[in-house]
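Peer 1: upload_29.cif is reproduced in full below (mmCIF, C-alpha atoms).
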```cif
data_coords
#
loop_
_atom_site.label_atom_id
_atom_site.label_comp_id
_atom_site.auth_asym_id
_atom_site.auth_seq_id
_atom_site.Cartn_x
_atom_site.Cartn_y
_atom_site.Cartn_z
CA MET A 63 -1.70 181.45 86.10
CA THR A 64 0.74 178.66 85.82
CA THR A 65 3.59 178.80 83.51
CA THR A 66 4.89 175.66 81.81
CA THR A 67 8.51 175.67 81.19
CA ALA A 68 10.87 173.11 79.90
CA ASP A 69 11.07 172.10 83.51
CA GLY A 70 7.45 170.90 83.25
CA TYR A 71 8.91 167.98 81.48
CA GLY A 72 11.37 167.39 84.24
CA ALA A 73 9.74 164.02 85.00
CA PHE A 74 11.03 162.95 81.59
CA GLY A 75 14.51 164.36 82.05
CA THR A 76 16.11 166.72 79.68
CA SER A 77 18.70 165.89 77.11
CA HIS A 78 21.83 167.80 76.87
CA HIS A 79 20.27 169.51 73.86
CA GLY A 80 17.46 170.71 76.15
CA GLY A 81 14.79 168.82 73.95
CA TRP A 82 12.10 166.32 75.31
CA GLU A 83 12.77 162.49 75.35
CA PRO A 84 11.19 159.58 77.15
CA LYS A 85 13.02 158.45 80.25
CA ARG A 86 15.55 155.64 79.29
CA ALA A 87 15.96 152.32 81.28
CA THR A 88 18.30 153.33 83.90
CA THR A 89 20.71 150.36 83.62
CA LEU A 90 21.53 147.51 81.16
CA ALA A 91 21.13 144.85 83.92
CA GLN A 92 17.59 145.96 84.64
CA ALA A 93 16.82 145.78 80.96
CA ARG A 94 18.17 142.25 80.77
CA ARG A 95 16.11 141.18 83.83
CA ARG A 96 13.01 142.64 82.32
CA THR A 97 13.60 140.77 79.06
CA ALA A 98 14.13 137.52 80.92
CA PHE A 99 10.94 138.08 82.94
CA VAL A 100 8.95 138.72 79.76
CA ARG A 101 10.44 135.63 78.16
CA THR A 102 9.46 133.55 81.22
CA LEU A 103 5.94 134.89 81.11
CA ARG A 104 5.69 134.09 77.42
CA PHE A 105 6.93 130.52 78.08
CA ALA A 106 4.46 130.08 80.99
CA LEU A 107 1.62 131.28 78.80
CA MET A 108 2.55 128.86 76.03
CA ALA A 109 2.80 126.01 78.57
CA ALA A 110 -0.62 126.88 79.99
CA VAL A 111 -2.16 126.90 76.52
CA GLY A 112 -0.58 123.52 75.78
CA ALA A 113 -1.81 122.03 79.04
CA ILE A 114 -5.37 123.22 78.45
CA ALA A 115 -5.32 121.84 74.92
CA GLY A 116 -4.07 118.50 76.24
CA LEU A 117 -6.82 118.38 78.84
CA VAL A 118 -9.46 119.03 76.21
CA VAL A 119 -8.11 116.20 74.03
CA VAL A 120 -8.02 113.76 76.98
CA GLN A 121 -11.59 114.68 78.00
CA ILE A 122 -12.85 114.13 74.47
CA ALA A 123 -11.09 110.75 74.32
CA LEU A 124 -12.59 109.68 77.65
CA SER A 125 -16.10 110.64 76.69
CA MET A 126 -15.81 108.68 73.43
CA MET A 127 -14.68 105.56 75.35
CA GLY A 128 -17.85 105.68 77.45
CA GLU A 129 -18.50 107.03 80.86
CA VAL A 130 -15.80 106.71 83.39
CA GLU A 131 -17.25 104.60 86.34
CA PRO A 132 -17.33 106.78 89.44
CA ASP A 133 -15.49 105.18 92.36
CA ALA A 134 -17.98 103.54 94.78
CA ILE A 135 -18.15 105.16 98.13
CA THR A 136 -17.10 102.38 100.54
CA VAL A 137 -17.69 101.56 104.17
CA GLY A 138 -15.06 102.43 106.71
CA GLU A 139 -15.12 99.24 108.66
CA ASP A 140 -17.53 96.22 109.11
CA ALA A 141 -20.97 97.32 110.32
CA ARG A 142 -23.53 94.79 111.59
CA MET A 143 -27.25 95.48 111.77
CA ILE A 144 -29.92 93.29 113.42
CA ASN A 145 -33.31 92.72 111.71
CA PRO A 146 -32.54 94.85 108.66
CA ARG A 147 -35.42 95.81 106.37
CA PHE A 148 -35.32 96.95 102.75
CA THR A 149 -38.51 97.81 100.89
CA GLY A 150 -39.18 98.72 97.30
CA ARG A 151 -41.35 98.00 94.25
CA ASP A 152 -40.71 96.05 91.08
CA ASP A 153 -41.31 97.61 87.69
CA GLY A 154 -44.86 96.30 87.74
CA GLY A 155 -45.49 98.22 90.94
CA SER A 156 -45.65 95.15 93.19
CA PRO A 157 -44.11 95.90 96.60
CA PHE A 158 -41.36 93.75 98.10
CA THR A 159 -39.61 93.67 101.45
CA VAL A 160 -36.21 92.11 102.07
CA THR A 161 -35.45 91.19 105.66
CA ALA A 162 -32.89 88.97 107.39
CA ASP A 163 -31.60 87.89 110.77
CA ALA A 164 -28.65 90.24 110.35
CA ALA A 165 -27.12 92.53 107.78
CA ILE A 166 -23.40 93.14 107.45
CA ARG A 167 -21.72 95.96 105.56
CA ARG A 168 -18.16 94.72 105.03
CA GLN A 169 -15.16 97.04 104.89
CA GLY A 170 -14.55 97.92 101.27
CA ASP A 171 -18.05 96.98 100.10
CA ALA A 172 -20.03 99.62 98.23
CA LEU A 173 -22.71 101.38 100.29
CA ASN A 174 -25.54 99.94 98.21
CA LEU A 175 -24.42 96.33 98.84
CA THR A 176 -25.46 94.52 102.01
CA GLU A 177 -24.62 90.97 103.06
CA LEU A 178 -27.54 89.17 104.72
CA GLU A 179 -27.77 86.20 107.06
CA ASN A 180 -30.86 84.01 106.52
CA PRO A 181 -32.43 86.42 104.04
CA ARG A 182 -36.19 86.53 103.66
CA LEU A 183 -38.26 88.07 100.91
CA ASP A 184 -41.86 89.18 101.16
CA TYR A 185 -42.85 89.36 97.52
CA VAL A 186 -45.87 88.20 95.52
CA ALA A 187 -43.91 86.03 93.09
CA ILE A 188 -41.69 84.15 95.51
CA GLU A 189 -42.02 82.61 98.96
CA ALA A 190 -40.09 80.22 101.16
CA LEU A 191 -40.36 76.56 100.28
CA ASP A 192 -41.85 75.32 103.52
CA ALA A 193 -43.45 76.76 106.60
CA ALA A 194 -40.65 75.43 108.81
CA ALA A 195 -38.23 77.71 107.00
CA ASP A 196 -39.96 80.70 108.61
CA GLY A 197 -39.68 82.58 105.37
CA VAL A 198 -35.92 82.07 105.02
CA LEU A 199 -34.87 81.54 101.39
CA ALA A 200 -31.18 80.72 101.83
CA GLU A 201 -28.36 80.75 104.35
CA ARG A 202 -26.69 83.80 102.86
CA GLY A 203 -27.63 86.62 100.54
CA TYR A 204 -26.49 89.94 99.15
CA TYR A 205 -28.90 92.78 98.52
CA ASP A 206 -28.03 95.53 96.06
CA SER A 207 -30.46 98.30 96.95
CA GLU A 208 -29.47 100.44 93.99
CA ASN A 209 -30.23 97.81 91.34
CA ARG A 210 -32.89 95.98 93.41
CA VAL A 211 -31.09 92.64 93.04
CA LEU A 212 -31.13 89.96 95.73
CA ASP A 213 -28.48 87.27 95.35
CA LEU A 214 -29.08 84.10 97.33
CA GLU A 215 -26.38 81.57 98.16
CA THR A 216 -26.13 78.22 99.97
CA ASP A 217 -29.15 75.98 100.37
CA VAL A 218 -31.46 78.14 98.33
CA ARG A 219 -35.10 76.99 98.62
CA PHE A 220 -38.12 78.84 97.35
CA ARG A 221 -41.50 78.42 95.68
CA THR A 222 -42.87 80.55 92.88
CA GLN A 223 -46.38 81.87 92.61
CA SER A 224 -47.06 79.44 89.72
CA GLY A 225 -46.26 76.42 91.85
CA TYR A 226 -42.63 75.64 91.13
CA GLU A 227 -40.45 74.58 94.04
CA PHE A 228 -36.74 75.06 93.61
CA ILE A 229 -33.75 73.72 95.53
CA SER A 230 -30.45 75.09 94.34
CA GLU A 231 -27.18 76.60 95.52
CA ALA A 232 -27.62 79.98 93.90
CA ALA A 233 -30.35 82.29 92.71
CA ARG A 234 -30.34 85.87 91.57
CA ILE A 235 -33.68 87.61 92.04
CA LEU A 236 -33.91 90.66 89.81
CA LEU A 237 -36.74 92.40 91.58
CA SER A 238 -36.94 95.24 89.12
CA GLU A 239 -37.51 92.84 86.23
CA ASP A 240 -39.65 90.27 88.03
CA ARG A 241 -37.13 87.62 86.94
CA VAL A 242 -35.04 84.95 88.70
CA VAL A 243 -31.86 83.46 87.30
CA GLY A 244 -30.05 80.44 88.72
CA GLU A 245 -26.65 79.60 87.28
CA SER A 246 -26.19 76.48 89.37
CA GLU A 247 -27.62 72.99 89.37
CA VAL A 248 -31.27 72.96 90.31
CA GLU A 249 -33.83 70.37 91.37
CA GLY A 250 -37.35 71.52 91.07
CA THR A 251 -40.90 70.39 91.12
CA GLY A 252 -43.32 72.04 88.79
CA PRO A 253 -46.93 71.65 87.77
CA MET A 254 -45.85 69.05 85.18
CA GLY A 255 -43.55 66.98 87.42
CA ASP A 256 -40.00 66.83 88.76
CA ILE A 257 -37.24 68.57 86.86
CA ARG A 258 -33.46 68.64 87.17
CA ALA A 259 -31.13 70.89 85.15
CA ASP A 260 -27.81 72.74 85.16
CA SER A 261 -29.39 76.19 85.28
CA TYR A 262 -32.79 77.86 85.21
CA GLU A 263 -34.56 81.13 84.61
CA ILE A 264 -38.00 82.19 85.83
CA LEU A 265 -39.78 84.78 83.73
CA ASP A 266 -43.11 86.59 83.74
CA GLY A 267 -43.61 85.97 87.46
CA GLY A 268 -43.26 82.22 86.98
CA ASP A 269 -45.55 81.89 83.97
CA ARG A 270 -42.55 80.90 81.90
CA VAL A 271 -39.66 78.82 83.26
CA VAL A 272 -36.65 77.83 81.19
CA PHE A 273 -34.28 75.05 82.21
CA THR A 274 -31.02 74.53 80.35
CA GLY A 275 -28.28 71.92 80.39
CA ASN A 276 -28.79 68.18 81.01
CA VAL A 277 -32.50 68.58 81.59
CA VAL A 278 -34.23 65.55 83.10
CA ALA A 279 -37.99 65.70 83.60
CA HIS A 280 -40.14 63.08 85.25
CA ILE A 281 -43.81 63.35 84.36
CA GLU A 282 -46.22 61.26 86.36
CA SER A 283 -49.22 59.86 84.62
CA ARG A 284 -52.24 58.80 86.56
CA ARG A 285 -53.66 56.97 83.49
CA THR A 286 -53.08 53.29 82.79
CA PRO A 287 -53.67 51.88 79.29
CA ASP A 288 -57.04 50.24 79.80
CA GLN A 289 -58.51 53.01 81.88
CA GLY A 290 -60.47 55.86 80.46
CA ASP A 291 -59.83 59.43 81.49
CA GLN A 292 -59.14 59.77 85.13
CA PRO A 293 -61.40 62.27 86.91
CA GLN B 283 -48.53 58.58 77.32
CA ILE B 284 -46.47 57.40 74.40
CA GLY B 285 -46.28 53.77 75.43
CA ARG B 286 -48.96 51.13 75.72
CA GLN B 287 -48.08 50.44 79.32
CA GLY B 288 -48.67 53.96 80.60
CA GLY B 289 -46.89 54.99 83.78
CA PRO B 290 -44.45 57.87 84.36
CA MET B 291 -42.65 59.44 81.43
CA ASP B 292 -39.00 60.48 81.71
CA ILE B 293 -37.72 63.04 79.23
CA THR B 294 -34.16 64.26 78.86
CA SER B 295 -33.07 67.19 76.67
CA ASP B 296 -30.68 70.11 76.39
CA ARG B 297 -33.36 72.67 77.12
CA LEU B 298 -36.87 72.83 78.54
CA GLU B 299 -39.30 75.73 78.51
CA VAL B 300 -42.54 75.46 80.42
CA ILE B 301 -45.36 77.87 79.61
CA ASP B 302 -47.73 77.79 82.51
CA ALA B 303 -50.65 79.61 80.95
CA GLU B 304 -50.78 77.11 78.10
CA SER B 305 -49.93 74.05 80.21
CA ARG B 306 -47.27 73.28 77.64
CA ALA B 307 -43.68 72.07 77.95
CA ILE B 308 -41.21 72.41 75.07
CA PHE B 309 -38.21 70.11 75.19
CA SER B 310 -35.52 70.89 72.63
CA GLY B 311 -32.08 69.55 71.75
CA ASN B 312 -31.41 65.76 71.74
CA VAL B 313 -34.80 64.99 73.24
CA ASP B 314 -35.35 61.45 74.47
CA ALA B 315 -38.69 60.51 76.01
CA ALA B 316 -39.08 57.12 77.61
CA GLN B 317 -42.18 55.47 78.98
CA GLY B 318 -42.01 51.86 79.97
CA ASP B 319 -40.35 50.04 77.09
CA THR B 320 -41.25 52.72 74.53
CA ARG B 321 -38.97 55.55 73.43
CA LEU B 322 -39.62 58.67 71.42
CA ARG B 323 -36.56 60.60 70.22
CA ALA B 324 -36.58 63.87 68.27
CA ASP B 325 -34.99 67.32 67.95
CA GLU B 326 -37.99 68.88 69.70
CA ILE B 327 -40.90 67.46 71.64
CA GLN B 328 -43.82 69.53 72.83
CA VAL B 329 -45.98 68.10 75.58
CA PHE B 330 -49.47 69.52 75.94
CA PHE B 331 -51.25 68.91 79.21
CA ASP B 332 -54.99 68.78 79.62
CA GLN B 333 -55.93 72.25 80.87
CA ASN B 334 -59.48 71.17 81.74
CA SER B 335 -58.39 68.56 84.26
CA ARG B 336 -56.22 71.16 85.97
CA SER B 337 -57.90 72.11 89.22
CA ALA B 338 -59.24 75.66 88.99
CA ALA B 339 -58.94 75.95 92.76
CA SER B 340 -55.20 76.45 92.67
CA ALA B 341 -53.10 77.41 89.73
CA ALA B 342 -50.26 75.57 91.36
CA SER B 343 -51.95 72.25 91.76
CA GLY B 344 -50.22 70.93 88.69
CA PHE B 345 -50.91 70.42 85.07
CA GLY B 346 -53.50 67.82 84.13
CA GLU B 347 -52.77 64.67 82.20
CA VAL B 348 -50.65 64.57 79.09
CA GLN B 349 -53.10 65.30 76.30
CA ARG B 350 -50.96 65.51 73.20
CA VAL B 351 -47.29 65.13 72.27
CA ILE B 352 -45.84 66.61 69.08
CA ALA B 353 -42.34 65.56 68.05
CA THR B 354 -40.51 67.19 65.18
CA GLY B 355 -37.14 66.82 63.55
CA GLU B 356 -35.61 63.32 62.95
CA VAL B 357 -38.31 61.53 64.94
CA PHE B 358 -37.79 57.92 66.07
CA TYR B 359 -40.56 55.94 67.75
CA VAL B 360 -39.07 52.77 69.21
CA THR B 361 -40.91 49.85 70.78
CA PRO B 362 -39.58 46.37 71.45
CA GLU B 363 -41.35 45.17 68.27
CA GLU B 364 -40.84 47.97 65.80
CA VAL B 365 -38.96 51.17 64.99
CA ALA B 366 -40.69 53.95 63.10
CA ARG B 367 -38.88 56.92 61.73
CA GLY B 368 -40.39 60.13 60.32
CA ASP B 369 -40.11 63.92 60.14
CA ARG B 370 -43.01 64.58 62.48
CA ALA B 371 -45.08 62.60 64.93
CA VAL B 372 -48.23 63.48 66.85
CA TYR B 373 -49.39 61.40 69.77
CA GLN B 374 -53.04 61.99 70.66
CA ILE B 375 -54.34 60.57 73.94
CA ALA B 376 -58.03 60.75 73.01
CA THR B 377 -57.58 58.31 70.14
CA GLU B 378 -54.51 56.60 71.61
CA THR B 379 -52.79 56.86 68.28
CA ILE B 380 -49.47 58.09 67.01
CA THR B 381 -49.51 59.67 63.56
CA MET B 382 -46.15 59.97 61.88
CA THR B 383 -45.63 61.88 58.65
CA GLY B 384 -42.77 62.74 56.32
CA ASN B 385 -40.39 60.06 54.94
CA VAL B 386 -41.86 57.37 57.14
CA VAL B 387 -39.89 54.13 57.53
CA LEU B 388 -41.39 51.36 59.66
CA THR B 389 -39.13 48.49 60.58
CA ARG B 390 -40.33 45.29 62.24
CA GLY B 391 -37.61 42.78 62.61
CA GLU B 392 -36.27 42.41 59.08
CA ASN B 393 -39.43 43.75 57.44
CA VAL B 394 -39.31 47.33 56.23
CA ILE B 395 -42.25 49.44 55.04
CA THR B 396 -41.91 52.97 53.75
CA GLY B 397 -44.60 55.54 52.99
CA SER B 398 -45.65 59.10 53.67
CA CYS B 399 -47.87 58.48 56.69
CA LEU B 400 -48.01 55.97 59.52
CA VAL B 401 -50.79 55.65 62.07
CA ALA B 402 -50.02 53.38 65.01
CA ASP B 403 -52.89 52.40 67.28
CA LEU B 404 -51.49 51.96 70.78
CA ALA B 405 -54.57 50.22 72.07
CA THR B 406 -54.54 47.42 69.47
CA GLY B 407 -50.89 47.53 68.49
CA ARG B 408 -51.87 47.78 64.79
CA SER B 409 -50.00 50.16 62.49
CA GLN B 410 -51.20 51.42 59.10
CA VAL B 411 -48.91 52.93 56.51
CA ASN B 412 -50.55 55.44 54.14
CA PRO B 413 -54.07 54.95 55.52
CA PRO B 414 -56.84 56.70 53.57
CA GLN B 415 -57.01 59.48 56.17
CA CYS B 416 -53.76 60.72 57.58
CA GLY B 417 -53.47 63.08 60.54
CA GLY B 418 -56.15 65.51 61.64
CA SER B 419 -55.47 64.66 65.27
CA ASP B 420 -53.49 67.74 66.25
CA GLY B 421 -55.74 70.48 65.09
CA GLU B 422 -54.41 70.37 61.56
CA PRO B 423 -56.71 69.13 58.77
CA ALA B 424 -56.44 65.45 57.89
CA THR B 425 -54.82 64.75 54.54
CA THR B 426 -54.94 61.85 52.18
CA SER B 427 -51.73 59.85 52.17
CA ALA B 428 -49.60 60.69 49.18
CA GLY B 429 -47.29 58.41 47.32
CA ARG B 430 -47.08 54.68 47.40
CA VAL B 431 -46.17 52.22 50.05
CA ARG B 432 -43.07 50.10 49.53
CA ALA B 433 -42.45 47.08 51.66
CA VAL B 434 -39.70 44.49 51.91
CA LEU B 435 -41.11 41.51 53.79
CA PHE B 436 -39.19 38.42 54.91
CA PRO B 437 -41.43 35.39 55.42
CA SER B 438 -40.89 34.04 58.86
CA SER B 439 -39.78 30.48 57.70
CA SER B 440 -36.14 30.40 56.49
CA GLY B 441 -35.05 29.45 52.99
CA GLU B 442 -37.79 31.27 51.05
CA GLU B 443 -36.66 34.03 48.75
CA GLU B 444 -37.15 37.69 49.42
CA ASN B 445 -40.69 38.95 48.77
CA GLU B 446 -40.93 42.61 47.70
CA SER B 447 -44.41 44.12 47.34
CA ASP B 448 -45.56 47.52 46.24
CA GLY B 449 -49.09 48.76 46.95
CA ASP B 450 -51.25 51.61 48.14
CA THR B 451 -51.79 50.67 51.80
CA GLY B 452 -49.74 48.32 53.94
CA GLU B 453 -50.60 46.83 57.39
#
```
Hey, can you dump this file as structure tokens for me?
Peer 2:
Amino acid sequence: MTTTTADGYGAFGTSHHGGWEPKRATTLAQARRRTAFVRTLRFALMAAVGAIAGLVVVQIALSMMGEVEPDAITVGEDARMINPRFTGRDDGGSPFTVTADAAIRRQGDALNLTELENPRLDYVAIEALDAAADGVLAERGYYDSENRVLDLETDVRFRTQSGYEFISEAARILLSEDRVVGESEVEGTGPMGDIRADSYEILDGGDRVVFTGNVVAHIESRRTPDQGDQP
Amino acid sequence: QIGRQGGPMDITSDRLEVIDAESRAIFSGNVDAAQGDTRLRADEIQVFFDQNSRSAASAASGFGEVQRVIATGEVFYVTPEEVARGDRAVYQIATETITMTGNVVLTRGENVITGSCLVADLATGRSQVNPPQCGGSDGEPATTSAGRVRAVLFPSSSGEEENESDGDTGE
């Protein structure tokens, strides 16, 4: 049988009256250090709460301003590829294939952007202007595989499925939309005659073509006044 | 064609839209069409090509002949002999006529004739103001010319006084 005596409280120390009391902080300095530590903790906690609140506010502000564009992953240094080949389909399901003599991925360019030398395009709506061109549409091009856009530059020559022939210095072929936009001067020949304008746009696979800016059209007429309808 | 001589037609404008399926070209904005010594100016000119004479073998072989021209908005038809002004003009190749309607003013030299409808026959060179039947050549029903014809005619020999006539039809 164990006996509990006043000593059983020895771990709490005994007062000079012999009664029980909790053990006191041993020294004033320790007490001060402990207070300072608690104060520091409290300050750190308040700072953390403030920082989190600030982050939440900033995030809300960013999302209201629209999505933050993710940085494009870029190429380390120039990479050159021979006989590149890019395939895909437009929104109507028609297949297309972009090829070229060479493809260059320049340092700093985004991964989805490729510079092309003598670009060619195998696509139902567009073909090279003449057989001698061997399918080449322009001297230089840029293919954006992500957005399926082929930009053509320098001596751009092509024919559309509906019979238009275009000579220009720039053309943007939006393969996903089956649309071509040319923001530079163009000379073209269409089913109605020769046309010259400051810019052009080919829609609906060539069924509709819009020319804007200083348009000059030359329409040949095989009829002469005293003749009836020509066959 | 819009002129009696035929031949190529040159059209300038701010904008041109070509609709392949309809063999139609829409010129808009300061449109000026010239053929030989004849000019047609308007805010908008639509040129309709003959779809039948377009070769079925290849869609790209080209539109057929010009079949019909419709000009709207401040229309001026100018030949070396006369200037006609109206709100709307329809040139129809089958009949070789130009029908102009809406505030028509026909000026030949110093002579001026006004009316609501003018029909100019390109083959004969004759023009009628407010003929009994007006229009009907562009798919829209022909109408009877409304209003009266007013003409200010200057006899060709000098010295005679001004002769103003007012009637139903003027030629």
Peer 1: Give me, as CSV, the closest atom pair and its distance (Å, one decimal) for every residue of chain A within a cut-off of 6 Å of chain B, counting all atoms listed in the file, rows sorted by chain and rising number.
Peer 2:
```
residue,atom,partner,partner_atom,distance
A:Ser224,CA,B:Ala342,CA,5.3
A:Gly225,CA,B:Ala342,CA,4.1
A:Pro253,CA,B:Gly344,CA,3.5
A:Met254,CA,B:Phe345,CA,5.2
A:Asp269,CA,B:Asp302,CA,4.9
A:Arg270,CA,B:Ile301,CA,4.7
A:Val271,CA,B:Val300,CA,5.3
A:Val272,CA,B:Glu299,CA,4.3
A:Phe273,CA,B:Leu298,CA,5.0
A:Thr274,CA,B:Arg297,CA,4.4
A:Gly275,CA,B:Asp296,CA,5.0
A:Asn276,CA,B:Asp296,CA,5.4
A:Val277,CA,B:Ser295,CA,5.1
A:Val278,CA,B:Thr294,CA,4.4
A:Ala279,CA,B:Ile293,CA,5.1
A:His280,CA,B:Asp292,CA,4.5
A:Ile281,CA,B:Met291,CA,5.0
A:Glu282,CA,B:Pro290,CA,4.3
A:Ser283,CA,B:Pro290,CA,5.2
A:Thr286,CA,B:Gly288,CA,5.0
A:Pro287,CA,B:Gly288,CA,5.6
```
Peer 1: Please write as a PDB file with C-alpha atoms, in the frame of the given file the full residue list that the PyMOL selection byres ((chain B and resi 434) around 6) yields on this file.
Peer 2:
```
ATOM      1  CA  ASN B 393     -39.430  43.750  57.440  1.00  0.00           C
ATOM      2  CA  VAL B 394     -39.310  47.330  56.230  1.00  0.00           C
ATOM      3  CA  ALA B 433     -42.450  47.080  51.660  1.00  0.00           C
ATOM      4  CA  LEU B 435     -41.110  41.510  53.790  1.00  0.00           C
ATOM      5  CA  GLU B 446     -40.930  42.610  47.700  1.00  0.00           C
TER       6      GLU B 446
END
```
Peer 1: May I have a table of the residues of region 182-256 of chain A lying at most 6 Å from region 140-162 of chain A, giving each one's closest pair of atoms and their distance in Å to one decimal, counting all atoms listed in the file, ordered by chain and ascending residue number, as a Markdown table?
Peer 2:
```
| residue | atom | partner | partner_atom | distance |
| --- | --- | --- | --- | --- |
| A:Arg182 | CA | A:Thr161 | CA | 5.1 |
| A:Leu183 | CA | A:Val160 | CA | 4.7 |
| A:Asp184 | CA | A:Thr159 | CA | 5.0 |
| A:Tyr185 | CA | A:Phe158 | CA | 4.7 |
| A:Leu237 | CA | A:Asp152 | CA | 5.4 |
| A:Ser238 | CA | A:Asp152 | CA | 4.3 |
```
Peer 1: Looking at only C-alpha atoms, which of B:Ser398, B:Thr389, B:Thr383, B:Thr406 is the one that sits closest to Val360 (chain B)?
Peer 2: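 Nearest to Val360 (chain B): B:Thr389.
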Peer 1: Counting only C-alpha atoms, I want the residues whose atoms come within 6 Å of (-37.1, 86.1, 88.4) in the file frame, returned as a ChimeraX atom specification.
Peer 2: /A:235-236,240-243,264-265
Peer 1: For CA of Arg321 (chain B) and CA of Val401 (chain B), determine how far apart the two atoms are, in Å to one decimal place.
Peer 2: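 Interatomic distance here is 16.4 Å.
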Peer 1: Region 246-248 of chain A: which residues within 7 Å, counting only C-alpha atoms, same-chain residues fewer than 6 positions away excluded, as a VMD selection string?
Peer 2: chain A and resid 228 to 232 258 to 261
Peer 1: For the atom pair CA of Val386 (chain B) and CA of Asp332 (chain B), what is the interatomic distance in Å to one decimal place?
Peer 2: 28.4 Å
Peer 1: Rank B:Asp319, B:Glu356, B:Glu364, B:Glu326 by their smallest atom-to-atom distance to Ala402 (chain B), using only C-alpha atoms, and report the top residue only.
Peer 2: B:Glu364
Peer 1: Report, in Å to a single decimal, how far apart CA of Asp192 (chain A) and CA of Asp217 (chain A) are.
Peer 2: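 So the answer is 13.1 Å.
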Peer 1: Could you tell me which of B:Arg390, B:Arg430, B:Arg370, B:Arg350 comes closest to Pro414 (chain B) if we count only C-alpha atoms?
Peer 2: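 The answer is B:Arg430, which sits nearest to Pro414 (chain B).
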Peer 1: Report as a PyMOL selection string the residues that result from applying the PyMOL selection byres ((chain A and resi 209) around 10) to the structure here.
Peer 2: chain A and resi 174-175+205-208+210-212+236-238
Peer 1: Can you give me N, CA and C atoms for region 148-161 of chain A, written as a compact mmCIF listing (two decimals), in the frame of the given file?
Peer 2:
```
# COMPACT_ATOMS: atom_id res chain seq x y z
N PHE A 148 -35.44 96.15 103.98
CA PHE A 148 -35.32 96.95 102.75
C PHE A 148 -36.64 96.82 102.00
N THR A 149 -37.24 97.90 101.61
CA THR A 149 -38.51 97.81 100.89
C THR A 149 -38.34 98.48 99.53
N GLY A 150 -39.23 98.11 98.64
CA GLY A 150 -39.18 98.72 97.30
C GLY A 150 -40.32 98.18 96.47
N ARG A 151 -40.32 98.50 95.19
CA ARG A 151 -41.35 98.00 94.25
C ARG A 151 -40.66 97.52 92.99
N ASP A 152 -41.28 96.49 92.37
CA ASP A 152 -40.71 96.05 91.08
C ASP A 152 -41.29 96.94 89.99
N ASP A 153 -40.87 96.72 88.78
CA ASP A 153 -41.31 97.61 87.69
C ASP A 153 -42.82 97.54 87.47
N GLY A 154 -43.42 96.41 87.90
CA GLY A 154 -44.86 96.30 87.74
C GLY A 154 -45.60 96.98 88.88
N GLY A 155 -44.85 97.51 89.83
CA GLY A 155 -45.49 98.22 90.94
C GLY A 155 -45.73 97.32 92.15
N SER A 156 -45.42 96.03 92.03
CA SER A 156 -45.65 95.15 93.19
C SER A 156 -44.61 95.45 94.26
N PRO A 157 -45.04 95.58 95.52
CA PRO A 157 -44.11 95.90 96.60
C PRO A 157 -43.32 94.66 97.00
N PHE A 158 -42.13 94.87 97.53
CA PHE A 158 -41.36 93.75 98.10
C PHE A 158 -40.64 94.25 99.34
N THR A 159 -40.37 93.31 100.24
CA THR A 159 -39.61 93.67 101.45
C THR A 159 -38.56 92.60 101.67
N VAL A 160 -37.31 93.03 101.79
CA VAL A 160 -36.21 92.11 102.07
C VAL A 160 -35.85 92.26 103.54
N THR A 161 -35.87 91.15 104.25
CA THR A 161 -35.45 91.19 105.66
C THR A 161 -34.46 90.04 105.89
```
